[in-house]
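**Student:** Just one file: query00.txt, with compact mmCIF, C-alpha atoms.
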# COMPACT_ATOMS: atom_id res chain seq x y z
CA MET O 212 -257.43 0.73 49.93
CA ALA O 213 -253.76 1.20 50.80
CA THR O 214 -252.78 -0.74 53.90
CA LYS O 215 -249.90 -0.12 56.25
CA ILE O 216 -248.19 -2.30 58.80
CA ARG O 217 -247.52 0.06 61.68
CA LEU O 218 -247.20 0.50 65.41
CA GLN O 219 -250.09 1.44 67.67
CA ARG O 220 -248.98 3.05 70.95
CA HIS O 221 -250.11 1.73 74.34
CA GLY O 222 -248.82 1.99 77.90
CA ARG O 223 -248.25 4.88 80.21
CA LYS O 224 -246.20 8.02 79.79
CA GLY O 225 -242.50 7.21 79.64
CA TYR O 226 -243.17 3.45 79.40
CA ALA O 227 -244.73 2.85 76.02
CA PHE O 228 -245.21 -0.48 74.30
CA TYR O 229 -246.72 -1.02 70.89
CA HIS O 230 -249.08 -3.30 69.05
CA ILE O 231 -248.09 -4.14 65.47
CA VAL O 232 -251.24 -3.69 63.40
CA ILE O 233 -252.48 -3.70 59.84
CA ALA O 234 -254.39 -0.48 59.24
CA ASP O 235 -255.71 1.70 56.46
CA SER O 236 -253.03 4.25 55.63
CA ARG O 237 -255.54 7.08 56.25
CA ALA O 238 -256.51 5.88 59.76
CA PRO O 239 -255.01 7.68 62.78
CA ARG O 240 -252.08 6.07 64.62
CA ASP O 241 -254.13 4.76 67.54
CA GLY O 242 -257.36 4.48 65.62
CA LYS O 243 -259.21 1.75 63.79
CA PHE O 244 -257.18 -1.17 62.46
CA ILE O 245 -257.80 -4.29 60.39
CA GLU O 246 -255.76 -6.89 62.25
CA ARG O 247 -253.31 -7.08 65.15
CA ILE O 248 -250.31 -9.22 64.21
CA GLY O 249 -248.00 -8.72 67.17
CA SER O 250 -246.52 -6.55 69.87
CA TYR O 251 -243.25 -4.71 70.46
CA ASN O 252 -241.89 -3.75 73.89
CA PRO O 253 -238.75 -1.57 73.65
CA ASN O 254 -238.52 -1.27 77.46
CA THR O 255 -236.84 -4.65 77.93
CA ASN O 256 -233.22 -5.38 77.09
CA PRO O 257 -233.17 -6.76 74.40
CA ALA O 258 -236.52 -5.50 73.11
CA THR O 259 -239.35 -8.06 73.26
CA ILE O 260 -241.07 -8.79 69.96
CA ASP O 261 -244.09 -11.09 69.69
CA LEU O 262 -245.09 -11.52 66.04
CA LYS O 263 -247.51 -13.71 64.10
CA PHE O 264 -244.97 -14.60 61.43
CA ASP O 265 -247.41 -16.14 58.91
CA ARG O 266 -249.85 -13.24 59.09
CA ALA O 267 -247.08 -10.66 58.69
CA LEU O 268 -245.77 -12.55 55.65
CA HIS O 269 -249.29 -12.77 54.21
CA TRP O 270 -249.87 -9.02 54.55
CA LEU O 271 -246.50 -8.23 52.99
CA THR O 272 -247.26 -10.48 50.01
CA VAL O 273 -250.63 -8.78 49.41
CA GLY O 274 -249.00 -5.36 49.34
CA ALA O 275 -249.13 -3.86 52.83
CA GLN O 276 -246.34 -1.30 53.29
CA PRO O 277 -244.50 -1.33 56.65
CA THR O 278 -243.37 1.86 58.36
CA ASP O 279 -239.64 2.30 58.96
CA THR O 280 -239.69 0.93 62.52
CA VAL O 281 -241.91 -2.00 61.57
CA ARG O 282 -239.64 -2.72 58.59
CA ASN O 283 -236.71 -3.01 61.02
CA ILE O 284 -238.74 -5.31 63.29
CA LEU O 285 -239.82 -7.51 60.37
CA SER O 286 -236.25 -7.65 59.13
CA ASP O 287 -234.97 -8.70 62.56
CA GLU O 288 -237.61 -11.42 62.76
CA GLY O 289 -236.84 -12.69 59.25
CA VAL O 290 -240.17 -11.93 57.59
CA LEU O 291 -238.57 -9.80 54.88
CA LEU O 292 -235.95 -12.49 54.19
CA LYS O 293 -238.66 -15.14 53.89
CA LYS O 294 -240.58 -12.91 51.45
CA HIS O 295 -237.39 -12.42 49.44
CA LEU O 296 -236.70 -16.16 49.35
CA LEU O 297 -240.30 -16.88 48.28
CA GLY O 298 -239.82 -14.36 45.47
CA GLY O 299 -236.75 -16.34 44.35
CA VAL O 300 -238.79 -19.55 44.40
CA ALA O 301 -241.50 -17.90 42.28
CA LYS O 302 -238.86 -16.81 39.73
CA GLY O 303 -237.36 -20.30 39.64
CA ALA O 304 -233.94 -19.36 41.03
CA PHE O 305 -234.15 -22.28 43.49
CA ASN O 306 -236.75 -24.61 44.89
CA GLU O 307 -238.78 -24.25 48.06
CA ALA O 308 -236.67 -26.75 50.04
CA GLU O 309 -233.50 -24.74 49.36
CA ALA O 310 -235.29 -21.57 50.38
CA GLU O 311 -236.42 -23.19 53.64
CA ASN O 312 -232.87 -24.44 54.32
CA LYS O 313 -231.43 -20.96 53.75
CA PHE O 314 -234.05 -19.45 56.04
CA GLN O 315 -233.43 -22.01 58.82
CA ALA O 316 -229.66 -21.45 58.58
CA TRP O 317 -230.19 -17.69 58.92
CA LYS O 318 -232.63 -18.20 61.81
CA ASN O 319 -230.18 -20.45 63.71
CA ALA O 320 -227.35 -17.95 63.23
CA LYS O 321 -229.60 -15.12 64.43
CA GLN O 322 -230.70 -17.05 67.54
CA SER O 323 -227.12 -17.90 68.48
CA ALA O 324 -226.11 -14.23 68.05
CA VAL O 325 -228.99 -13.14 70.30
CA LYS O 326 -228.03 -15.73 72.95
CA THR O 327 -224.43 -14.51 72.83
CA ALA O 328 -225.53 -10.88 73.21
CA VAL O 329 -227.83 -11.74 76.13
CA GLY O 330 -225.01 -13.74 77.75
CA LYS O 331 -222.65 -10.77 77.46
CA LEU O 332 -225.29 -8.47 78.98
CA ASN O 333 -225.83 -10.88 81.88
CA GLU O 334 -222.08 -11.22 82.43
CA ALA O 335 -221.68 -7.44 82.44
CA GLU O 336 -224.51 -7.12 84.97
CA ARG O 337 -222.92 -9.77 87.20
CA ALA O 338 -219.53 -8.03 86.99
CA ALA O 339 -221.08 -4.67 87.88
CA LEU O 340 -222.94 -6.26 90.80
CA LYS O 341 -219.74 -7.92 92.06
CA THR O 342 -217.84 -4.62 91.83
CA ARG O 343 -220.60 -2.82 93.74
CA LEU O 344 -220.67 -5.57 96.37
CA ASP O 345 -216.88 -5.47 96.82
CA ALA O 346 -216.99 -1.67 97.20
CA GLU O 347 -219.78 -1.96 99.77
CA LYS O 348 -217.81 -4.62 101.70
CA ALA O 349 -214.77 -2.32 101.78
CA VAL O 350 -216.87 0.58 103.08
CA ASN O 351 -218.47 -1.67 105.71
CA LYS O 352 -215.03 -2.93 106.80
CA VAL O 353 -213.77 0.64 107.29
CA LYS O 354 -216.91 1.49 109.27
CA ALA O 355 -216.54 -1.64 111.42
CA GLU O 356 -212.89 -0.82 112.17
CA ALA O 357 -213.81 2.74 113.13
CA LEU O 358 -216.62 1.46 115.36
CA ALA O 359 -214.30 -1.10 117.02
CA ALA O 360 -211.71 1.64 117.69
CA LYS O 361 -214.38 3.88 119.19
CA LYS O 362 -215.69 1.05 121.39
CA GLU O 363 -212.11 0.33 122.53
CA GLN O 364 -211.64 3.99 123.47
CA ILE O 365 -214.88 3.95 125.46
CA ALA O 366 -213.88 0.70 127.19
CA ALA O 367 -210.40 2.11 128.00
CA ALA O 368 -211.94 5.27 129.44
CA LYS O 369 -214.33 3.18 131.54
CA ARG O 370 -211.45 1.02 132.86
CA GLU O 371 -209.52 4.17 133.68
CA LYS O 372 -212.50 5.56 135.65
CA GLU O 373 -212.84 2.28 137.52
CA LYS O 374 -209.13 2.28 138.41
CA GLU O 375 -209.40 5.83 139.72
CA ALA O 376 -212.52 4.96 141.71
CA VAL O 377 -210.74 1.99 143.28
CA LYS O 378 -207.68 4.14 143.97
CA GLU O 379 -209.80 6.84 145.62
CA SER O 380 -211.60 4.30 147.78
CA ASN O 381 -208.23 2.90 148.93
CA ASP O 382 -206.95 6.40 149.74
CA LEU O 383 -209.93 7.29 151.94
CA PRO O 384 -209.38 6.64 155.67
CA ALA O 385 -211.40 3.85 157.12
CA THR O 386 -214.32 5.20 159.07
CA GLU O 387 -214.86 3.85 162.54
CA THR O 388 -218.29 3.06 163.66
CA VAL O 389 -219.24 4.48 166.99
CA ALA O 390 -221.15 2.08 169.11
CA ASN O 391 -223.64 3.41 171.53
CA THR O 392 -223.06 1.79 174.88
Will you turn the file into structure tokens for me?

**Tutor:**
Amino acid sequence: MATKIRLQRHGRKGYAFYHIVIADSRAPRDGKFIERIGSYNPNTNPATIDLKFDRALHWLTVGAQPTDTVRNILSDEGVLLKKHLLGGVAKGAFNEAEAENKFQAWKNAKQSAVKTAVGKLNEAERAALKTRLDAEKAVNKVKAEALAAKKEQIAAAKREKEKEAVKESNDLPATETVANT
């Protein structure tokens, strides 16, 4: 039986996530599978990958063939490198301790690169947010100045009406009250 390591689609329309499964090569994409070894969510930035490293390595060593996307995922996680290094140990090119040291060095470099990339993304988001906030503050300042000018015009017009009302009341002759005697 030929086995494949492939993705099994889940999620809703437009927001898919995938299970990484071991399946018979003749089984349908979302059909029966042998074992679930992880998940892949491309909707996050960077994509979230949860993988059972040992099981993926085991299935690769017994001959399971990954699809193109799964091959990229396994490569990013270091499973293919570990398999390659174990092949070198089996051929006697170096011992297992050297292979483990090489793998750990690669893993540390990969993690630092991911942290740097995430830091750059966060910094870019903060810069974009600051720019948007500054633009909004500028718009609000212009609106506040326009509102203050309008209120000043209304207050000036009201003062003018009051002055005219006082002026008119001063111009009117005083009315005498007629007393009934």

**Student:** What's the 12 Å shell around Val273 (chain O), counting only C-alpha atoms, without same-chain residues fewer than 5 positions away, as a PyMOL selection string?

**Tutor:** chain O and resi 212-216+233+266-268+294

**Student:** Name the closest residue to Glu288 (chain O) among the candidates O:Ser380, O:Thr259, O:Gln364, O:Gln219; distances are taken between atoms, counting only C-alpha atoms.

**Tutor:** O:Thr259

**Student:** Leaving out region 238-251 of chain O and any residue of its chain fewer than 4 positions from it, which residues lie within 9 Å of it when counting all atoms listed in the file, given as a list in words?

**Tutor:** Thr214, Arg217, Leu218, Gln219, Arg220, His221, Phe228, Tyr229, His230, Ile231, Val232, Ile233, Ala234, Ala258, Thr259, Ile260, Asp261, Leu262, Lys263, Phe264, Arg266, Ala267 and Ile284 of chain O

**Student:** Compare O:Val281, O:Val329, O:Leu292, O:Ala349 by their minimum atom-to-atom distance to Lys313 (chain O), counting all atoms listed in the file, and give me the closest one.

**Tutor:**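 Going through O:Val281, O:Val329, O:Leu292, O:Ala349 one by one, the smallest distance to Lys313 (chain O) is for O:Leu292.
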
**Student:** Between CA of Gly222 (chain O) and CA of Thr278 (chain O), what is the distance, to one decimal in Å?

**Tutor:**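 Between CA of Gly222 (chain O) and CA of Thr278 (chain O) the gap works out to 20.3 Å.
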